[in-house]
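Printed here is entry-v9.json (JSON, C-alpha atoms):
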```json
[["chain", "number", "residue", "atom", "x", "y", "z"],
["A", 1, "MET", "CA", 0.00, 0.00, 0.00],
["A", 2, "ALA", "CA", 1.31, 3.44, -0.91],
["A", 3, "LEU", "CA", 2.27, 5.60, 2.06],
["A", 4, "ASN", "CA", 0.04, 8.54, 2.90],
["A", 5, "ARG", "CA", 1.69, 11.63, 1.34],
["A", 6, "ASP", "CA", -0.22, 13.88, 3.78],
["A", 7, "PHE", "CA", 2.46, 12.93, 6.33],
["A", 8, "VAL", "CA", 5.16, 14.97, 4.56],
["A", 9, "GLY", "CA", 5.92, 17.93, 6.83],
["A", 10, "ARG", "CA", 4.42, 16.30, 9.90],
["A", 11, "ALA", "CA", 6.56, 16.71, 13.05],
["A", 12, "SER", "CA", 6.68, 14.78, 16.31],
["A", 13, "ALA", "CA", 6.29, 16.38, 19.70],
["A", 14, "PRO", "CA", 9.69, 16.96, 21.35],
["A", 15, "SER", "CA", 11.02, 13.76, 22.94],
["A", 16, "ALA", "CA", 11.57, 13.45, 26.66],
["A", 17, "PRO", "CA", 15.16, 14.58, 27.39],
["A", 18, "TYR", "CA", 17.77, 11.84, 26.88],
["A", 19, "GLU", "CA", 20.62, 12.04, 29.38],
["A", 20, "VAL", "CA", 23.91, 10.95, 27.79],
["A", 21, "SER", "CA", 26.00, 8.99, 30.31],
["A", 22, "ARG", "CA", 29.63, 7.88, 30.33],
["A", 23, "VAL", "CA", 28.45, 4.33, 30.98],
["A", 24, "LYS", "CA", 26.19, 4.29, 27.90],
["A", 25, "ILE", "CA", 28.92, 5.76, 25.68],
["A", 26, "LYS", "CA", 31.34, 3.10, 26.94],
["A", 27, "GLU", "CA", 28.78, 0.34, 26.33],
["A", 28, "PHE", "CA", 28.08, 1.59, 22.77],
["A", 29, "ALA", "CA", 31.78, 2.05, 21.93],
["A", 30, "THR", "CA", 32.55, -1.43, 23.26],
["A", 31, "ALA", "CA", 29.71, -2.91, 21.18],
["A", 32, "ILE", "CA", 31.20, -1.46, 17.99],
["A", 33, "GLY", "CA", 34.64, -2.72, 19.05],
["A", 34, "ASP", "CA", 36.14, 0.75, 19.44],
["A", 35, "ASN", "CA", 38.60, 1.31, 22.28],
["A", 36, "ASN", "CA", 39.43, 4.93, 21.40],
["A", 37, "PRO", "CA", 40.27, 6.49, 24.81],
["A", 38, "ILE", "CA", 38.26, 9.62, 23.93],
["A", 39, "TYR", "CA", 35.13, 7.43, 24.31],
["A", 40, "HIS", "CA", 36.29, 5.64, 27.45],
["A", 41, "ASP", "CA", 38.48, 7.95, 29.52],
["A", 42, "ARG", "CA", 37.43, 11.42, 30.66],
["A", 43, "GLU", "CA", 41.01, 12.60, 31.05],
["A", 44, "ALA", "CA", 41.87, 11.55, 27.50],
["A", 45, "ALA", "CA", 38.76, 13.34, 26.23],
["A", 46, "GLN", "CA", 39.62, 16.49, 28.17],
["A", 47, "ALA", "CA", 43.19, 16.36, 26.89],
["A", 48, "ALA", "CA", 41.69, 16.48, 23.38],
["A", 49, "GLY", "CA", 39.68, 19.55, 24.34],
["A", 50, "HIS", "CA", 36.29, 17.99, 25.13],
["A", 51, "PRO", "CA", 34.34, 18.67, 28.35],
["A", 52, "ASP", "CA", 33.89, 14.91, 28.97],
["A", 53, "VAL", "CA", 33.97, 11.65, 27.00],
["A", 54, "ILE", "CA", 32.29, 12.08, 23.62],
["A", 55, "ALA", "CA", 30.06, 9.65, 21.74],
["A", 56, "PRO", "CA", 30.85, 7.88, 18.46],
["A", 57, "PRO", "CA", 29.40, 9.59, 15.36],
["A", 58, "THR", "CA", 26.59, 7.02, 15.00],
["A", 59, "PHE", "CA", 25.59, 7.09, 18.71],
["A", 60, "PRO", "CA", 22.49, 9.33, 18.23],
["A", 61, "ILE", "CA", 20.71, 6.36, 16.63],
["A", 62, "VAL", "CA", 20.17, 5.25, 20.27],
["A", 63, "PHE", "CA", 17.82, 8.13, 21.04],
["A", 64, "SER", "CA", 16.99, 10.13, 17.90],
["A", 65, "LEU", "CA", 14.29, 7.95, 16.38],
["A", 66, "SER", "CA", 11.44, 9.70, 18.14],
["A", 67, "GLY", "CA", 9.88, 9.72, 14.68],
["A", 68, "GLY", "CA", 8.82, 6.21, 15.65],
["A", 69, "ALA", "CA", 5.47, 7.53, 16.83],
["A", 70, "ILE", "CA", 4.82, 9.06, 13.41],
["A", 71, "LEU", "CA", 6.00, 5.93, 11.59],
["A", 72, "ALA", "CA", 3.72, 3.77, 13.74],
["A", 73, "ASP", "CA", 0.61, 5.89, 12.99],
["A", 74, "PRO", "CA", -1.80, 3.54, 11.16],
["A", 75, "GLU", "CA", -2.86, 6.47, 8.93],
["A", 76, "LEU", "CA", 0.64, 6.46, 7.39],
["A", 77, "GLY", "CA", 0.16, 2.87, 6.20],
["A", 78, "LEU", "CA", 3.71, 1.62, 6.82],
["A", 79, "ASN", "CA", 4.13, -2.17, 7.01],
["A", 80, "PHE", "CA", 7.04, -2.65, 9.43],
["A", 81, "ALA", "CA", 7.55, -6.28, 8.38],
["A", 82, "MET", "CA", 8.74, -5.03, 4.97],
["A", 83, "VAL", "CA", 11.00, -2.23, 6.21],
["A", 84, "VAL", "CA", 14.76, -2.05, 5.66],
["A", 85, "HIS", "CA", 17.18, 0.77, 6.47],
["A", 86, "GLY", "CA", 17.96, 2.72, 3.30],
["A", 87, "GLU", "CA", 20.17, 5.66, 4.22],
["A", 88, "GLN", "CA", 21.48, 7.35, 7.35],
["A", 89, "ARG", "CA", 23.30, 10.61, 7.94],
["A", 90, "PHE", "CA", 24.52, 12.57, 10.97],
["A", 91, "GLU", "CA", 25.35, 16.25, 10.64],
["A", 92, "TYR", "CA", 27.12, 17.74, 13.69],
["A", 93, "ARG", "CA", 27.41, 21.23, 15.14],
["A", 94, "ARG", "CA", 29.52, 19.73, 17.92],
["A", 95, "PRO", "CA", 30.16, 16.25, 19.31],
["A", 96, "VAL", "CA", 27.68, 14.68, 21.74],
["A", 97, "HIS", "CA", 29.32, 14.32, 25.15],
["A", 98, "ALA", "CA", 28.51, 12.75, 28.51],
["A", 99, "GLY", "CA", 26.29, 15.04, 30.53],
["A", 100, "ASP", "CA", 24.30, 16.29, 27.54],
["A", 101, "GLU", "CA", 20.53, 16.28, 27.99],
["A", 102, "LEU", "CA", 19.16, 16.02, 24.47],
["A", 103, "VAL", "CA", 15.72, 16.52, 22.97],
["A", 104, "SER", "CA", 14.78, 15.28, 19.48],
["A", 105, "VAL", "CA", 12.08, 16.63, 17.20],
["A", 106, "SER", "CA", 11.45, 14.47, 14.14],
["A", 107, "THR", "CA", 9.88, 15.65, 10.89],
["A", 108, "VAL", "CA", 8.87, 13.64, 7.83],
["A", 109, "THR", "CA", 10.69, 15.46, 5.02],
["A", 110, "ASP", "CA", 10.02, 13.22, 2.02],
["A", 111, "ILE", "CA", 7.95, 10.25, 0.84],
["A", 112, "ARG", "CA", 8.62, 8.89, -2.65],
["A", 113, "SER", "CA", 8.29, 5.78, -4.77],
["A", 114, "VAL", "CA", 11.30, 4.17, -6.44],
["A", 115, "GLY", "CA", 10.21, 1.23, -8.55],
["A", 116, "ARG", "CA", 7.97, -0.89, -6.35],
["A", 117, "ASN", "CA", 9.44, 0.45, -3.11],
["A", 118, "GLU", "CA", 8.35, 3.35, -0.91],
["A", 119, "PHE", "CA", 11.03, 5.60, 0.63],
["A", 120, "ILE", "CA", 10.33, 7.78, 3.67],
["A", 121, "THR", "CA", 12.88, 10.22, 5.12],
["A", 122, "VAL", "CA", 12.69, 11.51, 8.68],
["A", 123, "ARG", "CA", 14.89, 14.39, 9.87],
["A", 124, "SER", "CA", 15.55, 14.64, 13.60],
["A", 125, "ASP", "CA", 16.82, 17.89, 15.06],
["A", 126, "VAL", "CA", 18.71, 17.13, 18.27],
["A", 127, "THR", "CA", 19.11, 20.01, 20.72],
["A", 128, "THR", "CA", 20.10, 20.39, 24.33],
["A", 129, "VAL", "CA", 17.35, 21.12, 26.85],
["A", 130, "GLU", "CA", 18.64, 24.72, 26.69],
["A", 131, "GLY", "CA", 17.90, 24.80, 22.94],
["A", 132, "GLU", "CA", 21.44, 24.52, 21.50],
["A", 133, "LEU", "CA", 21.42, 22.57, 18.20],
["A", 134, "VAL", "CA", 23.90, 19.67, 18.54],
["A", 135, "CYS", "CA", 23.19, 17.52, 15.49],
["A", 136, "THR", "CA", 20.67, 16.75, 12.81],
["A", 137, "THR", "CA", 20.06, 13.17, 11.72],
["A", 138, "TYR", "CA", 18.48, 12.00, 8.46],
["A", 139, "ASN", "CA", 16.98, 8.52, 8.40],
["A", 140, "THR", "CA", 15.56, 6.98, 5.22],
["A", 141, "ILE", "CA", 13.71, 3.72, 5.48],
["A", 142, "VAL", "CA", 12.45, 1.61, 2.61],
["A", 143, "GLU", "CA", 9.19, -0.32, 2.56],
["A", 144, "ARG", "CA", 9.81, -3.13, 0.09],
["A", 145, "GLY", "CA", 6.94, -3.61, -2.34],
["A", 146, "GLY", "CA", 4.99, -0.73, -0.78],
["A", 147, "ALA", "CA", 4.39, 1.06, -4.07],
["A", 148, "GLY", "CA", 3.40, -2.10, -5.97],
["B", 1, "MET", "CA", 38.97, 19.15, 19.50],
["B", 2, "ALA", "CA", 41.90, 18.52, 17.26],
["B", 3, "ALA", "CA", 42.45, 15.94, 14.58],
["B", 4, "THR", "CA", 45.98, 14.53, 14.43],
["B", 5, "VAL", "CA", 45.91, 14.84, 10.63],
["B", 6, "LYS", "CA", 46.98, 18.21, 9.25],
["B", 7, "TYR", "CA", 45.01, 19.77, 6.40],
["B", 8, "ASP", "CA", 48.13, 21.06, 4.68],
["B", 9, "GLU", "CA", 49.65, 17.57, 4.59],
["B", 10, "VAL", "CA", 46.64, 15.96, 2.90],
["B", 11, "GLU", "CA", 46.07, 15.90, -0.85],
["B", 12, "THR", "CA", 42.99, 15.21, -2.91],
["B", 13, "GLY", "CA", 43.15, 11.62, -4.10],
["B", 14, "GLN", "CA", 45.19, 10.47, -1.12],
["B", 15, "GLU", "CA", 44.27, 6.93, -0.13],
["B", 16, "ILE", "CA", 43.71, 5.78, 3.42],
["B", 17, "PRO", "CA", 44.91, 2.16, 3.77],
["B", 18, "ALA", "CA", 42.19, -0.48, 4.07],
["B", 19, "ALA", "CA", 41.37, -2.10, 7.41],
["B", 20, "ASP", "CA", 39.45, -5.29, 8.24],
["B", 21, "TYR", "CA", 36.69, -5.42, 10.83],
["B", 22, "PRO", "CA", 35.59, -8.94, 11.80],
["B", 23, "VAL", "CA", 31.93, -9.48, 12.73],
["B", 24, "ARG", "CA", 30.78, -12.46, 14.74],
["B", 25, "ARG", "CA", 27.37, -13.25, 16.20],
["B", 26, "ALA", "CA", 28.51, -12.04, 19.63],
["B", 27, "ASN", "CA", 29.19, -8.58, 18.15],
["B", 28, "LEU", "CA", 25.61, -8.39, 16.88],
["B", 29, "VAL", "CA", 24.20, -9.42, 20.25],
["B", 30, "MET", "CA", 26.29, -6.71, 21.92],
["B", 31, "TYR", "CA", 25.20, -4.14, 19.33],
["B", 32, "ALA", "CA", 21.54, -5.10, 19.78],
["B", 33, "GLY", "CA", 21.85, -4.48, 23.50],
["B", 34, "ALA", "CA", 23.78, -1.24, 23.20],
["B", 35, "SER", "CA", 21.63, 0.27, 20.44],
["B", 36, "GLY", "CA", 18.24, -1.06, 21.52],
["B", 37, "ASP", "CA", 17.60, -2.63, 18.08],
["B", 38, "PHE", "CA", 16.46, -6.16, 18.94],
["B", 39, "ASN", "CA", 15.06, -7.08, 15.51],
["B", 40, "PRO", "CA", 15.49, -10.91, 15.46],
["B", 41, "ILE", "CA", 16.92, -10.86, 11.91],
["B", 42, "HIS", "CA", 20.14, -9.74, 13.65],
["B", 43, "TRP", "CA", 20.46, -12.68, 16.05],
["B", 44, "ASN", "CA", 17.93, -15.43, 15.27],
["B", 45, "GLU", "CA", 18.79, -17.58, 12.24],
["B", 46, "ARG", "CA", 15.47, -19.42, 12.33],
["B", 47, "PHE", "CA", 13.55, -16.14, 12.18],
["B", 48, "ALA", "CA", 15.86, -14.62, 9.53],
["B", 49, "LYS", "CA", 15.21, -17.57, 7.21],
["B", 50, "THR", "CA", 11.43, -17.36, 7.66],
["B", 51, "VAL", "CA", 11.53, -13.81, 6.24],
["B", 52, "GLY", "CA", 13.60, -14.87, 3.23],
["B", 53, "LEU", "CA", 17.11, -13.96, 4.38],
["B", 54, "PRO", "CA", 20.01, -16.37, 3.80],
["B", 55, "ASP", "CA", 21.06, -16.19, 7.47],
["B", 56, "VAL", "CA", 21.40, -13.65, 10.30],
["B", 57, "ILE", "CA", 22.50, -10.25, 8.95],
["B", 58, "ALA", "CA", 24.38, -7.44, 10.69],
["B", 59, "HIS", "CA", 22.54, -4.26, 11.67],
["B", 60, "GLY", "CA", 23.12, -1.66, 8.96],
["B", 61, "MET", "CA", 24.05, 0.72, 11.76],
["B", 62, "PHE", "CA", 26.72, -1.73, 12.96],
["B", 63, "THR", "CA", 28.32, -1.65, 9.50],
["B", 64, "MET", "CA", 28.03, 2.14, 9.43],
["B", 65, "ALA", "CA", 29.75, 2.24, 12.84],
["B", 66, "GLN", "CA", 32.68, 0.14, 11.53],
["B", 67, "ALA", "CA", 33.23, 2.50, 8.61],
["B", 68, "GLY", "CA", 32.90, 5.33, 11.13],
["B", 69, "ARG", "CA", 35.69, 3.76, 13.20],
["B", 70, "PHE", "CA", 37.87, 3.74, 10.12],
["B", 71, "VAL", "CA", 37.41, 7.51, 9.77],
["B", 72, "THR", "CA", 37.77, 8.36, 13.46],
["B", 73, "ASP", "CA", 40.92, 6.21, 13.72],
["B", 74, "TRP", "CA", 42.39, 8.14, 10.80],
["B", 75, "ALA", "CA", 41.35, 11.53, 12.20],
["B", 76, "GLY", "CA", 42.61, 10.73, 15.72],
["B", 77, "ASP", "CA", 39.89, 12.71, 17.47],
["B", 78, "PRO", "CA", 36.40, 11.32, 16.75],
["B", 79, "GLY", "CA", 35.02, 14.81, 17.42],
["B", 80, "ALA", "CA", 36.61, 15.89, 14.14],
["B", 81, "VAL", "CA", 33.92, 14.05, 12.14],
["B", 82, "VAL", "CA", 31.35, 16.78, 11.45],
["B", 83, "ASP", "CA", 29.17, 14.99, 8.90],
["B", 84, "TYR", "CA", 28.79, 11.30, 8.10],
["B", 85, "GLY", "CA", 26.27, 9.65, 5.80],
["B", 86, "VAL", "CA", 25.82, 6.32, 4.01],
["B", 87, "ARG", "CA", 23.43, 4.37, 1.84],
["B", 88, "PHE", "CA", 22.95, 0.71, 2.75],
["B", 89, "SER", "CA", 23.44, -1.19, -0.50],
["B", 90, "SER", "CA", 23.90, -4.83, 0.48],
["B", 91, "MET", "CA", 23.60, -7.12, 3.50],
["B", 92, "VAL", "CA", 26.41, -8.37, 5.72],
["B", 93, "VAL", "CA", 25.56, -12.04, 6.30],
["B", 94, "VAL", "CA", 27.03, -13.36, 9.56],
["B", 95, "PRO", "CA", 27.19, -17.17, 9.81],
["B", 96, "ASP", "CA", 27.23, -18.93, 13.18],
["B", 97, "ASP", "CA", 30.83, -20.16, 13.06],
["B", 98, "ASP", "CA", 34.19, -19.14, 14.49],
["B", 99, "ASN", "CA", 34.98, -16.81, 11.60],
["B", 100, "GLY", "CA", 31.76, -14.85, 11.08],
["B", 101, "ALA", "CA", 32.15, -12.19, 8.39],
["B", 102, "VAL", "CA", 34.73, -9.50, 7.64],
["B", 103, "ILE", "CA", 33.93, -5.92, 6.62],
["B", 104, "THR", "CA", 36.82, -4.32, 4.73],
["B", 105, "VAL", "CA", 36.84, -0.52, 4.72],
["B", 106, "SER", "CA", 39.03, 1.77, 2.65],
["B", 107, "GLY", "CA", 38.93, 5.48, 1.96],
["B", 108, "VAL", "CA", 40.17, 8.27, -0.24],
["B", 109, "VAL", "CA", 40.34, 12.01, 0.32],
["B", 110, "GLU", "CA", 37.85, 13.10, -2.29],
["B", 111, "GLU", "CA", 37.84, 16.86, -1.85],
["B", 112, "LYS", "CA", 39.48, 19.60, 0.20],
["B", 113, "LEU", "CA", 36.92, 22.10, 1.50],
["B", 114, "GLU", "CA", 37.31, 25.48, 3.16],
["B", 115, "ASP", "CA", 38.01, 25.86, 6.89],
["B", 116, "LYS", "CA", 40.46, 22.90, 6.86],
["B", 117, "ARG", "CA", 37.73, 20.38, 6.18],
["B", 118, "VAL", "CA", 38.01, 17.40, 3.83],
["B", 119, "VAL", "CA", 35.54, 14.94, 2.33],
["B", 120, "VAL", "CA", 36.55, 11.29, 2.77],
["B", 121, "ALA", "CA", 34.83, 8.82, 0.41],
["B", 122, "LEU", "CA", 34.52, 5.39, 1.98],
["B", 123, "THR", "CA", 34.25, 1.92, 0.48],
["B", 124, "ALA", "CA", 32.96, -0.94, 2.63],
["B", 125, "LYS", "CA", 32.95, -4.48, 1.27],
["B", 126, "CYS", "CA", 31.97, -7.88, 2.58],
["B", 127, "ALA", "CA", 32.57, -11.01, 0.52],
["B", 128, "ASP", "CA", 33.09, -8.90, -2.64],
["B", 129, "SER", "CA", 29.80, -7.01, -2.25],
["B", 130, "ARG", "CA", 29.74, -3.29, -1.58],
["B", 131, "VAL", "CA", 27.73, -3.06, 1.63],
["B", 132, "LEU", "CA", 27.70, 0.75, 1.74],
["B", 133, "SER", "CA", 27.40, 3.19, -1.13],
["B", 134, "LYS", "CA", 27.50, 6.98, -1.20],
["B", 135, "ALA", "CA", 29.46, 6.74, 2.07],
["B", 136, "ARG", "CA", 31.04, 10.11, 2.85],
["B", 137, "ALA", "CA", 32.47, 11.76, 5.94],
["B", 138, "VAL", "CA", 33.43, 15.40, 6.35],
["B", 139, "VAL", "CA", 36.39, 15.70, 8.71],
["B", 140, "GLN", "CA", 37.71, 18.84, 10.39],
["B", 141, "LEU", "CA", 41.50, 18.63, 10.17],
["B", 142, "SER", "CA", 44.00, 20.75, 12.03]]
```

Have the structure of the file written as structure tokens, please.
Amino acid sequence: MALNRDFVGRASAPSAPYEVSRVKIKEFATAIGDNNPIYHDREAAQAAGHPDVIAPPTFPIVFSLSGGAILADPELGLNFAMVVHGEQRFEYRRPVHAGDELVSVSTVTDIRSVGRNEFITVRSDVTTVEGELVCTTYNTIVERGGAG
Amino acid sequence: MAATVKYDEVETGQEIPAADYPVRRANLVMYAGASGDFNPIHWNERFAKTVGLPDVIAHGMFTMAQAGRFVTDWAGDPGAVVDYGVRFSSMVVVPDDDNGAVITVSGVVEEKLEDKRVVVALTAKCADSRVLSKARAVVQLS
């Protein structure tokens, strides 16, 4: 079933603040096999000029998909069983570091058909609770056969 | 925030030597836990086969993280990566044996930008398939 084009431009409510912890950064870095001391050791991070340990570039995937509520709306018509990840991008103003309290607002920016597949792109603007923009993520998922 | 690579010492077309990143089932279980993505296609062979996959496959975001490691290891300071995007073009199939799979990542400095930034184009392959396409990172050099 084709996705409902009326969803283009629709935005989520701001997420509850996500508190970035040293422990979570360490867990994520360990899971991707990365022992860079700037992820694991506050002193090493501070020596590199950061306020605390920073997170790997792909870390915001842990908390930025607050667009999930939009994607799960039955009016959109997305069949999750047929979904694969198409594209992903992270655009940074500054690195995410331990101690950040981050809020995501997700907006559907595009829905299009390519062959028999439906593509939907969600942009998430990630800010601190004080309103500083930290990064913007772009997530494109593909519903296989959705346009057929 | 300071990359160990100097802008003035980098040339367009410069290659960054390839590196291998092994992937075993245990890595996918750890990544599921750390990322919160518990889709069974990433750990349950029986389920993966019922939805038409050849076997368990790696999370796309796990593969993206490995190519990200390649860039951050080159840059020295991971905070120097200011933009990073990929398209997922093929699956990384991870068999349940002692070897698993291997993702091989290589890179080339594609363009020198203003403000001491460079674009690094990345190639990620597994078993002769390109698993990422349009993979680019913008890195702030010193």

Compile the contact shell of Arg123 (chain A) as an mmCIF file with C-alpha atoms, keeping the file's coordinate frame: residues with an atom at most 9 Å away, counting all atoms listed in the file, same-chain residues fewer than 4 positions apart removed.
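Heads up, here's the output in part-v7.cif:
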```cif
data_model
loop_
_atom_site.group_PDB
_atom_site.id
_atom_site.type_symbol
_atom_site.label_atom_id
_atom_site.label_comp_id
_atom_site.auth_asym_id
_atom_site.auth_seq_id
_atom_site.Cartn_x
_atom_site.Cartn_y
_atom_site.Cartn_z
ATOM 1 C CA GLY A 67 9.880 9.720 14.680
ATOM 2 C CA VAL A 105 12.080 16.630 17.200
ATOM 3 C CA SER A 106 11.450 14.470 14.140
ATOM 4 C CA THR A 107 9.880 15.650 10.890
ATOM 5 C CA VAL A 108 8.870 13.640 7.830
ATOM 6 C CA THR A 109 10.690 15.460 5.020
ATOM 7 C CA THR A 136 20.670 16.750 12.810
ATOM 8 C CA THR A 137 20.060 13.170 11.720
ATOM 9 C CA TYR A 138 18.480 12.000 8.460
ATOM 10 C CA ASN A 139 16.980 8.520 8.400
ATOM 11 C CA THR A 140 15.560 6.980 5.220
#
```

(message) Considering only C-alpha atoms, can you say which of B:Val94, B:Ser35, B:Val108, B:Phe62 comes closest to Ala48 (chain B)?
(response)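 For Ala48 (chain B), the nearest of the given residues is B:Val94.
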
(message) So that I can see what lies close to Ile141 (chain A), please list as a PyMOL selection string the residues with an atom at most 8 Å from it, counting only C-alpha atoms and leaving out residues fewer than 4 positions away in the same chain.
(response) chain A and resi 83-87+119-121

(request) Can you pull out every residue within 10 Å of Gly60 (chain B), counting only C-alpha atoms, but drop anything in the same chain fewer than 3 positions away, and send it as a list in words? (result) Val84, His85, Gly86, Glu87 and Gln88 of chain A; His42, Ile57, Thr63, Met64, Ala65, Val86, Arg87, Phe88, Ser89, Ser90, Met91, Val92, Val131 and Leu132 of chain B

(request) Select, from B:Asp83, B:Glu45, B:Asp55, B:Glu11, the residue with the minimum atom-to-atom distance to chain A, counting all atoms listed in the file. (result)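 Of B:Asp83, B:Glu45, B:Asp55, B:Glu11, the one nearest chain A is B:Asp83, counting all atoms listed in the file.
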
Mind listing whatever residues come within 6 Å of the point (44.2, 9.2, 2.6)? Use all atoms listed in the file, file coordinates, and give them as a compact mmCIF listing (two decimals) with C-alpha atoms, keeping the file's coordinate frame.
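And here is the file that came out, result33.txt:
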```txt
# COMPACT_ATOMS: atom_id res chain seq x y z
CA GLN B 14 45.19 10.47 -1.12
CA GLU B 15 44.27 6.93 -0.13
CA ILE B 16 43.71 5.78 3.42
CA VAL B 108 40.17 8.27 -0.24
CA VAL B 109 40.34 12.01 0.32
```

Write down, as a PDB file with C-alpha atoms, in the frame of the given file, each residue of chain A that has any atom within 8 Å of an atom of chain B, counting all atoms listed in the file.
```
ATOM      1  CA  LYS A  24      26.190   4.290  27.900  1.00  0.00           C
ATOM      2  CA  GLU A  27      28.780   0.340  26.330  1.00  0.00           C
ATOM      3  CA  PHE A  28      28.080   1.590  22.770  1.00  0.00           C
ATOM      4  CA  ALA A  31      29.710  -2.910  21.180  1.00  0.00           C
ATOM      5  CA  ILE A  32      31.200  -1.460  17.990  1.00  0.00           C
ATOM      6  CA  ASP A  34      36.140   0.750  19.440  1.00  0.00           C
ATOM      7  CA  ASN A  36      39.430   4.930  21.400  1.00  0.00           C
ATOM      8  CA  ILE A  38      38.260   9.620  23.930  1.00  0.00           C
ATOM      9  CA  ALA A  48      41.690  16.480  23.380  1.00  0.00           C
ATOM     10  CA  GLY A  49      39.680  19.550  24.340  1.00  0.00           C
ATOM     11  CA  HIS A  50      36.290  17.990  25.130  1.00  0.00           C
ATOM     12  CA  ILE A  54      32.290  12.080  23.620  1.00  0.00           C
ATOM     13  CA  PRO A  56      30.850   7.880  18.460  1.00  0.00           C
ATOM     14  CA  PRO A  57      29.400   9.590  15.360  1.00  0.00           C
ATOM     15  CA  THR A  58      26.590   7.020  15.000  1.00  0.00           C
ATOM     16  CA  ILE A  61      20.710   6.360  16.630  1.00  0.00           C
ATOM     17  CA  VAL A  62      20.170   5.250  20.270  1.00  0.00           C
ATOM     18  CA  HIS A  85      17.180   0.770   6.470  1.00  0.00           C
ATOM     19  CA  GLY A  86      17.960   2.720   3.300  1.00  0.00           C
ATOM     20  CA  GLU A  87      20.170   5.660   4.220  1.00  0.00           C
ATOM     21  CA  GLN A  88      21.480   7.350   7.350  1.00  0.00           C
ATOM     22  CA  ARG A  89      23.300  10.610   7.940  1.00  0.00           C
ATOM     23  CA  PHE A  90      24.520  12.570  10.970  1.00  0.00           C
ATOM     24  CA  GLU A  91      25.350  16.250  10.640  1.00  0.00           C
ATOM     25  CA  TYR A  92      27.120  17.740  13.690  1.00  0.00           C
ATOM     26  CA  ARG A  93      27.410  21.230  15.140  1.00  0.00           C
ATOM     27  CA  ARG A  94      29.520  19.730  17.920  1.00  0.00           C
ATOM     28  CA  PRO A  95      30.160  16.250  19.310  1.00  0.00           C
TER      29      PRO A  95
END
```

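Atom to atom, CA of Pro40 (chain B) and CA of Leu122 (chain B) stand 28.5 Å apart.
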
(request) Tell me, in Å to one decimal, how far CA of Asn99 (chain B) is from CA of Cys126 (chain B). (result) 13.0 Å

(request) Please provide the set of residues having any atom within 8 Å of Lys125 (chain B), restricted to all atoms listed in the file, with same-chain residues fewer than 3 positions apart removed, written as a list in words. (result)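 Near Lys125 (chain B), the qualifying residues are Ile103, Thr104, Val105, Asp128, Ser129, Arg130, Val131 and Leu132 of chain B.
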
(message) Restricting the calculation to only C-alpha atoms: of B:Pro95, B:Pro17, B:Pro54, B:Gly100, which residue gets closest to Trp74 (chain B)?
(response)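 Ranked by minimum distance to Trp74 (chain B), first place goes to B:Pro17.
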
(request) Would you list the contacts of region 14-21 of chain A as a list in words, taking every protein, DNA or RNA residue within 6 Å and counting all atoms listed in the file, but skipping same-chain residues closer than 6 positions in sequence? (result) Ala98, Gly99, Asp100, Glu101, Leu102, Val103, Ser104 and Val105 of chain A

(message) Between CA of Pro60 (chain A) and CA of Phe38 (chain B), what is the distance in Å, rounded to a tenth?
(response)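 Here the two named atoms are 16.6 Å from each other.
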
(request) Would you please work out which residue, of A:Gly115, A:Gly131, A:Pro51, A:Gly77, is nearest to Asn4 (chain A) when using only C-alpha atoms? (result)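 With only C-alpha atoms as the atom set, the closest residue is A:Gly77.
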